[in-house]
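Student: Structure supplied as my_file-v7.csv; contents: CSV, C-alpha atoms.
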chain,number,residue,atom,x,y,z
P,25,MET,CA,18.5,-7.4,-9.7
P,26,ASN,CA,19.9,-5.9,-6.5
P,27,PRO,CA,17.6,-7.0,-3.6
P,28,ARG,CA,19.2,-4.7,-1.0
P,29,ALA,CA,18.6,-1.7,-3.4
P,30,LEU,CA,15.0,-2.8,-3.7
P,31,VAL,CA,14.5,-2.9,0.0
P,32,ARG,CA,16.3,0.4,0.7
P,33,SER,CA,14.3,2.1,-2.1
P,34,ALA,CA,11.0,0.8,-0.6
P,35,THR,CA,12.1,2.0,2.8
P,36,ILE,CA,12.6,5.6,1.6
P,37,VAL,CA,9.4,5.6,-0.6
P,38,MET,CA,7.3,4.7,2.5
P,39,VAL,CA,8.6,7.8,4.2
P,40,LEU,CA,8.1,9.9,1.1
P,41,ILE,CA,4.5,8.8,0.8
P,42,ALA,CA,3.9,10.1,4.4
P,43,VAL,CA,5.7,13.3,3.6
P,44,PHE,CA,3.8,13.8,0.3
P,45,THR,CA,0.5,13.2,2.1
P,46,ILE,CA,1.1,15.5,5.1
P,47,TRP,CA,2.8,18.2,3.0
P,48,SER,CA,0.1,18.4,0.4
P,49,GLU,CA,-2.5,18.9,3.2
P,50,MET,CA,-0.5,21.7,4.7
P,51,SER,CA,0.4,23.5,1.5
P,52,GLY,CA,-2.0,24.4,-1.3
P,53,ALA,CA,0.9,24.8,-3.7
P,54,ILE,CA,2.0,21.2,-3.1
P,55,LYS,CA,-1.5,19.9,-3.5
P,56,TRP,CA,-1.8,21.8,-6.7
P,57,PHE,CA,1.5,20.3,-7.9
P,58,PHE,CA,0.2,16.7,-7.3
P,59,ALA,CA,-3.1,17.6,-8.9
P,60,LEU,CA,-1.3,18.3,-12.2
P,61,ALA,CA,-1.8,14.6,-12.7
P,62,SER,CA,-5.6,15.3,-12.8
P,63,HIS,CA,-6.1,14.5,-9.1
P,64,HIS,CA,-3.7,14.9,-6.2
P,65,TRP,CA,-4.0,11.1,-5.3
P,66,ILE,CA,-3.1,10.1,-8.8
P,67,GLY,CA,-0.1,12.4,-8.6
P,68,LYS,CA,1.1,10.9,-5.4
P,69,SER,CA,0.5,7.3,-6.7
P,70,VAL,CA,2.6,8.0,-9.9
P,71,LEU,CA,5.3,9.9,-8.0
P,72,SER,CA,5.7,7.1,-5.4
P,73,LEU,CA,6.3,4.6,-8.2
P,74,VAL,CA,8.7,7.0,-10.1
P,75,PHE,CA,10.7,7.5,-6.9
P,76,PHE,CA,10.8,3.8,-6.2
P,77,GLY,CA,12.3,3.3,-9.7
P,78,LEU,CA,14.8,6.2,-9.4
P,79,LEU,CA,16.0,5.3,-6.0
P,80,TYR,CA,16.5,1.7,-7.1
P,81,LEU,CA,18.7,3.0,-10.0
P,82,ALA,CA,20.6,5.1,-7.5
P,83,PHE,CA,21.3,2.2,-5.1
P,84,ALA,CA,21.6,-0.6,-7.7
P,85,LYS,CA,25.3,-0.4,-8.1
P,86,GLY,CA,26.0,-0.9,-4.4
P,87,ASN,CA,26.3,-4.0,-2.3
P,88,ASP,CA,23.5,-6.5,-3.1
P,89,GLU,CA,23.8,-8.6,0.1
P,90,LEU,CA,20.4,-8.3,1.8
P,91,SER,CA,20.5,-8.4,5.6
P,92,LEU,CA,17.7,-8.5,8.2
P,93,LYS,CA,18.8,-5.0,9.4
P,94,ASP,CA,17.6,-3.6,6.0
P,95,THR,CA,14.3,-5.5,6.4
P,96,TYR,CA,13.8,-4.1,9.9
P,97,TRP,CA,14.4,-0.6,8.6
P,98,LEU,CA,11.7,-1.2,6.0
P,99,LEU,CA,9.2,-2.5,8.6
P,100,GLY,CA,10.0,0.4,10.8
P,101,SER,CA,9.4,2.9,8.0
P,102,VAL,CA,6.0,1.3,7.2
P,103,VAL,CA,4.9,1.5,10.8
P,104,VAL,CA,6.2,5.0,11.5
P,105,SER,CA,4.8,6.4,8.1
P,106,GLY,CA,1.5,4.7,8.6
P,107,LEU,CA,1.1,6.1,12.1
P,108,ALA,CA,2.2,9.5,11.0
P,109,ILE,CA,-0.6,9.6,8.4
P,110,VAL,CA,-3.2,8.4,10.9
P,111,ILE,CA,-2.1,10.8,13.6
P,112,PHE,CA,-2.0,13.7,11.1
P,113,TYR,CA,-5.6,13.1,9.9
P,114,VAL,CA,-6.9,12.7,13.5
P,115,TRP,CA,-5.2,16.0,14.4
P,116,HIS,CA,-6.4,17.7,11.2
P,117,PHE,CA,-10.0,16.6,12.0
P,118,LEU,CA,-10.0,17.6,15.6
P,119,ARG,CA,-8.2,21.0,15.4
Q,212,MET,CA,-26.6,0.1,-5.1
Q,213,MET,CA,-23.0,-0.8,-4.7
Q,214,SER,CA,-20.8,0.2,-7.6
Q,215,PRO,CA,-19.3,-2.7,-9.6
Q,216,LEU,CA,-15.9,-1.0,-9.3
Q,217,ILE,CA,-16.1,-1.2,-5.5
Q,218,PHE,CA,-17.0,-4.8,-5.7
Q,219,LEU,CA,-14.1,-5.5,-8.0
Q,220,HIS,CA,-11.7,-3.4,-5.8
Q,221,ALA,CA,-12.7,-5.4,-2.7
Q,222,ILE,CA,-12.7,-8.9,-4.3
Q,223,VAL,CA,-9.4,-8.6,-6.1
Q,224,GLY,CA,-7.9,-6.8,-3.2
Q,225,GLU,CA,-8.8,-9.7,-0.8
Q,226,ILE,CA,-7.6,-12.3,-3.3
Q,227,GLY,CA,-4.3,-10.4,-3.5
Q,228,LEU,CA,-4.0,-10.4,0.3
Q,229,PHE,CA,-4.6,-14.2,0.5
Q,230,ALA,CA,-2.1,-14.7,-2.2
Q,231,PHE,CA,0.6,-13.1,0.0
Q,232,LEU,CA,-0.6,-15.2,3.0
Q,233,TRP,CA,-0.1,-18.2,0.8
Q,234,VAL,CA,3.5,-17.0,-0.1
Q,235,LEU,CA,4.2,-16.6,3.7
Q,236,ILE,CA,3.1,-20.2,4.3
Q,237,GLU,CA,5.2,-21.6,1.4
Q,238,MET,CA,8.2,-19.8,2.8
Q,239,LEU,CA,8.0,-21.3,6.3
Q,240,ASN,CA,9.6,-24.5,5.0
Q,241,PRO,CA,10.6,-23.9,1.4
Q,242,THR,CA,11.4,-26.7,-1.1
Q,243,GLU,CA,11.9,-26.2,-4.9
Q,244,THR,CA,8.3,-27.0,-5.5
Q,245,ARG,CA,7.0,-24.6,-2.9
Q,246,ILE,CA,9.2,-21.8,-4.1
Q,247,LYS,CA,8.0,-22.4,-7.7
Q,248,ARG,CA,4.4,-22.2,-6.4
Q,249,ALA,CA,5.1,-19.1,-4.3
Q,250,LYS,CA,6.5,-17.3,-7.3
Q,251,ILE,CA,3.3,-17.9,-9.3
Q,252,VAL,CA,1.0,-17.0,-6.4
Q,253,ALA,CA,3.0,-13.8,-5.8
Q,254,VAL,CA,2.6,-12.7,-9.4
Q,255,ILE,CA,-1.2,-13.3,-9.1
Q,256,GLY,CA,-1.2,-11.3,-5.8
Q,257,VAL,CA,0.6,-8.3,-7.4
Q,258,VAL,CA,-1.7,-8.4,-10.4
Q,259,CYS,CA,-4.7,-8.5,-8.1
Q,260,LEU,CA,-3.4,-5.6,-6.0
Q,261,LEU,CA,-2.7,-3.5,-9.1
Q,262,ILE,CA,-6.2,-4.1,-10.4
Q,263,ALA,CA,-7.6,-3.2,-6.9
Q,264,TRP,CA,-5.5,0.0,-7.1
Q,265,VAL,CA,-6.8,1.0,-10.5
Q,266,ALA,CA,-10.4,0.1,-9.8
Q,267,GLY,CA,-10.5,1.7,-6.4
Q,268,GLY,CA,-8.7,4.8,-7.8
Q,269,PHE,CA,-11.0,5.1,-10.7
Q,270,TYR,CA,-14.0,5.0,-8.4
Q,271,TYR,CA,-12.5,7.3,-5.9
Q,272,VAL,CA,-11.6,10.0,-8.5
Q,273,ASN,CA,-14.8,9.7,-10.6
Q,274,THR,CA,-17.6,8.8,-8.2
Q,275,TYR,CA,-16.6,9.0,-4.5
Q,276,GLY,CA,-15.6,12.6,-4.6
Q,277,ASP,CA,-18.8,13.8,-6.3
Q,278,VAL,CA,-21.4,11.5,-4.6
Q,279,VAL,CA,-20.2,9.8,-1.4
Q,280,LYS,CA,-17.8,12.4,0.1
Q,281,PRO,CA,-20.2,15.3,0.1
Q,282,THR,CA,-22.9,13.1,1.7
Q,283,ILE,CA,-20.6,12.0,4.5
Q,284,LYS,CA,-19.1,15.5,5.0
Q,285,GLU,CA,-22.6,16.9,5.5
Q,286,SER,CA,-23.5,14.3,8.2
Q,287,ASP,CA,-22.5,13.7,11.8
Q,288,PHE,CA,-20.2,11.0,10.4
Q,289,LYS,CA,-17.6,13.3,8.8
Q,290,TRP,CA,-14.8,11.3,10.5
Q,291,ALA,CA,-15.6,8.4,8.0
Q,292,HIS,CA,-14.1,10.6,5.3
Q,293,SER,CA,-11.8,13.1,7.1
Q,294,ILE,CA,-10.0,10.5,9.1
Q,295,VAL,CA,-10.7,7.0,7.7
Q,296,MET,CA,-10.9,7.6,4.0
Q,297,GLU,CA,-8.0,10.0,4.0
Q,298,THR,CA,-5.8,7.5,5.9
Q,299,LYS,CA,-7.0,4.5,3.7
Q,300,GLU,CA,-6.3,6.2,0.4
Q,301,HIS,CA,-2.8,7.1,1.4
Q,302,VAL,CA,-1.7,4.0,3.4
Q,303,PHE,CA,-2.9,1.9,0.4
Q,304,LEU,CA,0.0,3.4,-1.6
Q,305,PHE,CA,2.3,1.2,0.5
Q,306,MET,CA,0.7,-2.0,-0.7
Q,307,PRO,CA,1.6,-2.2,-4.5
Q,308,ILE,CA,5.2,-1.3,-3.7
Q,309,LEU,CA,5.5,-3.9,-0.9
Q,310,ALA,CA,3.9,-6.5,-3.2
Q,311,LEU,CA,6.2,-5.7,-6.1
Q,312,LEU,CA,9.2,-6.0,-3.7
Q,313,VAL,CA,8.2,-9.4,-2.3
Q,314,THR,CA,7.6,-10.8,-5.8
Q,315,SER,CA,10.9,-9.4,-7.1
Q,316,LEU,CA,12.7,-11.0,-4.1
Q,317,LEU,CA,11.1,-14.4,-4.8
Q,318,TRP,CA,12.1,-14.3,-8.5
Q,319,ARG,CA,15.6,-13.0,-7.7
Q,320,TYR,CA,16.5,-15.5,-5.1
Q,321,ASP,CA,14.4,-18.5,-6.4
Q,322,LYS,CA,16.0,-21.8,-5.2
Q,323,GLU,CA,18.6,-19.9,-3.1
Q,324,LEU,CA,15.8,-19.2,-0.6
Q,325,ILE,CA,16.3,-22.7,0.8
Q,326,LYS,CA,19.7,-21.6,2.0
Q,327,LYS,CA,19.4,-17.8,2.4
Q,328,ARG,CA,17.8,-17.4,5.7
Q,329,ASP,CA,17.8,-13.5,5.8
Q,330,ALA,CA,16.1,-13.3,2.4
Q,331,ARG,CA,13.5,-16.0,3.4
Q,332,ILE,CA,12.7,-14.2,6.7
Q,333,THR,CA,12.4,-10.9,4.8
Q,334,ILE,CA,9.8,-12.4,2.4
Q,335,ILE,CA,7.9,-14.0,5.4
Q,336,LEU,CA,7.8,-10.6,7.3
Q,337,LEU,CA,6.8,-8.5,4.3
Q,338,ALA,CA,4.2,-11.0,3.1
Q,339,GLY,CA,2.7,-11.0,6.6
Q,340,LEU,CA,2.8,-7.2,6.7
Q,341,ILE,CA,0.9,-7.0,3.3
Q,342,PHE,CA,-1.7,-9.4,4.7
Q,343,LEU,CA,-2.2,-7.5,8.0
Q,344,LEU,CA,-2.0,-4.0,6.5
Q,345,GLY,CA,-4.4,-5.1,3.7
Q,346,PHE,CA,-7.0,-6.3,6.2
Q,347,ALA,CA,-6.7,-3.1,8.2
Q,348,ILE,CA,-7.4,-1.2,4.9
Q,349,ALA,CA,-10.3,-3.5,4.2
Q,350,GLY,CA,-11.7,-2.7,7.6
Q,351,MET,CA,-11.4,1.0,6.9
Q,352,GLY,CA,-13.3,0.4,3.6
Q,353,ALA,CA,-16.1,-1.2,5.7
Q,354,MET,CA,-16.1,1.8,8.1
Q,355,ILE,CA,-16.4,4.3,5.2
Q,356,GLY,CA,-19.3,2.2,3.7
Q,357,ALA,CA,-21.0,2.2,7.2
Q,358,GLY,CA,-20.5,6.0,7.5
Q,359,TYR,CA,-22.1,6.6,4.1
Q,360,ARG,CA,-25.1,4.3,4.9
Q,361,MET,CA,-25.6,6.1,8.3
Q,362,ALA,CA,-25.4,9.5,6.6
Q,363,LEU,CA,-28.1,8.4,4.1
Q,364,GLU,CA,-30.3,7.0,6.9
Q,365,ALA,CA,-29.9,10.2,8.8
Q,366,GLY,CA,-31.4,11.9,5.8
Q,367,VAL,CA,-28.5,14.0,4.6
Q,368,ILE,CA,-29.8,13.9,1.0
As structure tokens, what does this structure read like?
Tutor:
Amino acid sequence: MNPRALVRSATIVMVLIAVFTIWSEMSGAIKWFFALASHHWIGKSVLSLVFFGLLYLAFAKGNDELSLKDTYWLLGSVVVSGLAIVIFYVWHFLR
Amino acid sequence: MMSPLIFLHAIVGEIGLFAFLWVLIEMLNPTETRIKRAKIVAVIGVVCLLIAWVAGGFYYVNTYGDVVKPTIKESDFKWAHSIVMETKEHVFLFMPILALLVTSLLWRYDKELIKKRDARITIILLAGLIFLLGFAIAGMGAMIGAGYRMALEAGVI
């Protein structure tokens, strides 16, 4: 198991979750695509796990030495993606 | 009456969060015994968060959308769904991935964690993040419940 690939995959998936969330609210076609899994939230849940797996496979053959820099990127992506989701829904509610 | 699925979602979710707090504490000064314990507790934490995901998701898709959401949206407490629930359901998706990541790192590094400072600090930071993020999400759950009760008291239905 490549720990650096796991952390890097998680970093990108956090951003992807925010992108999926905001994009599906802005576009009916994207929401419809996620809803192919019976409900848009289930579609996002499944796709986030699928992307985590695919990104891991893509990064797995690289360097496996985990550094704190990778961890800080992951923490940053969680904070930025979380704030993006909150700010988007506040804006969407108030507009 | 509170749905048993919501009760299950909240209880296993909080057990999962405390499991990762336990992992964090074990990693502050790891020994072989503490690492062994942390690996088991992390697996319990992941299983709890996965159950919370499925139970909460099942309730959200099958009951919340038909019963709770319309009541809140008809009331003066629309924000409880439009801001808090929308944020909660999407930020929650971070949790199982972070939990799987921490557990995988614990099992991958195992006894090496005693010497590998960066891996140990990564586990400490991520376990702390799971705990804090999880309790923020639990707080959002309480706000949604309060919004629903206030909507019912205001006589929306």
Student: Should the cut-off be 8 Å, what would the residue list for chain Q against chain P look like, counting all atoms listed in the file, as a PyMOL selection string?
Tutor: chain Q and resi 268+272+290+293-294+297-298+300-302+304-305+308-309+312+315-316+319+329-330+332-333+337
Student: I'd like to know which of Q:Gly224, Q:Pro241, Q:Pro281, Q:Pro215 is closest to Arg331 in chain Q, using only C-alpha atoms.
Tutor: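 The answer is Q:Pro241, which sits nearest to Arg331 in chain Q.
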Student: Counting only C-alpha atoms, what is within 9 Å of Ser286 in chain Q, bar same-chain residues fewer than 5 positions away, as a ChimeraX atom specification?
Tutor: /Q:281,358-359,361-363,365-367
Student: Record the distance separating CA of Glu285 in chain Q and CA of Glu49 in chain P, expressed in Å with one decimal.
Tutor: 20.3 Å
Student: Grab the CA of Trp97 in chain P to CA of Ala29 in chain P distance for me, in Å with one decimal place.
Tutor: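 CA of Ala29 in chain P lies at a distance of 12.8 Å from CA of Trp97 in chain P.
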Student: For each of P:Asp88, P:Gly77, P:Ala82, P:Val104, take the minimum atom-to-atom distance to Val43 in chain P, counting only C-alpha atoms, then give the residue where this is smallest.
Tutor: P:Val104
Student: For Val265 in chain Q, please output as a PyMOL selection string all residues within 12 Å (counting all atoms listed in the file; exclusion window: fewer than 2 positions along the same chain).
Tutor: (chain P and resi 65-66+69-70) or (chain Q and resi 216-217+219-221+223-224+258-263+267-273+303-304+307)
Student: Using all atoms listed in the file - which residues lie no farther than 10 Å from the point (-12.2, -1.3, 1.9) in the file's frame? Write them as a count of residues only.
Tutor: 24
Student: Which residue, Q:Leu343, Q:Tyr275, Q:Ile334, Q:Ile251, has the smallest gap to Val313 in chain Q when you use only C-alpha atoms?
Tutor: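 Closest residue, counting only C-alpha atoms: Q:Ile334.
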Student: Please indicate the distance in Å from CA of His292 in chain Q to CA of Gly52 in chain P, rounded to one decimal place.
Tutor: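 Result for CA of His292 in chain Q versus CA of Gly52 in chain P: 19.5 Å, one decimal.
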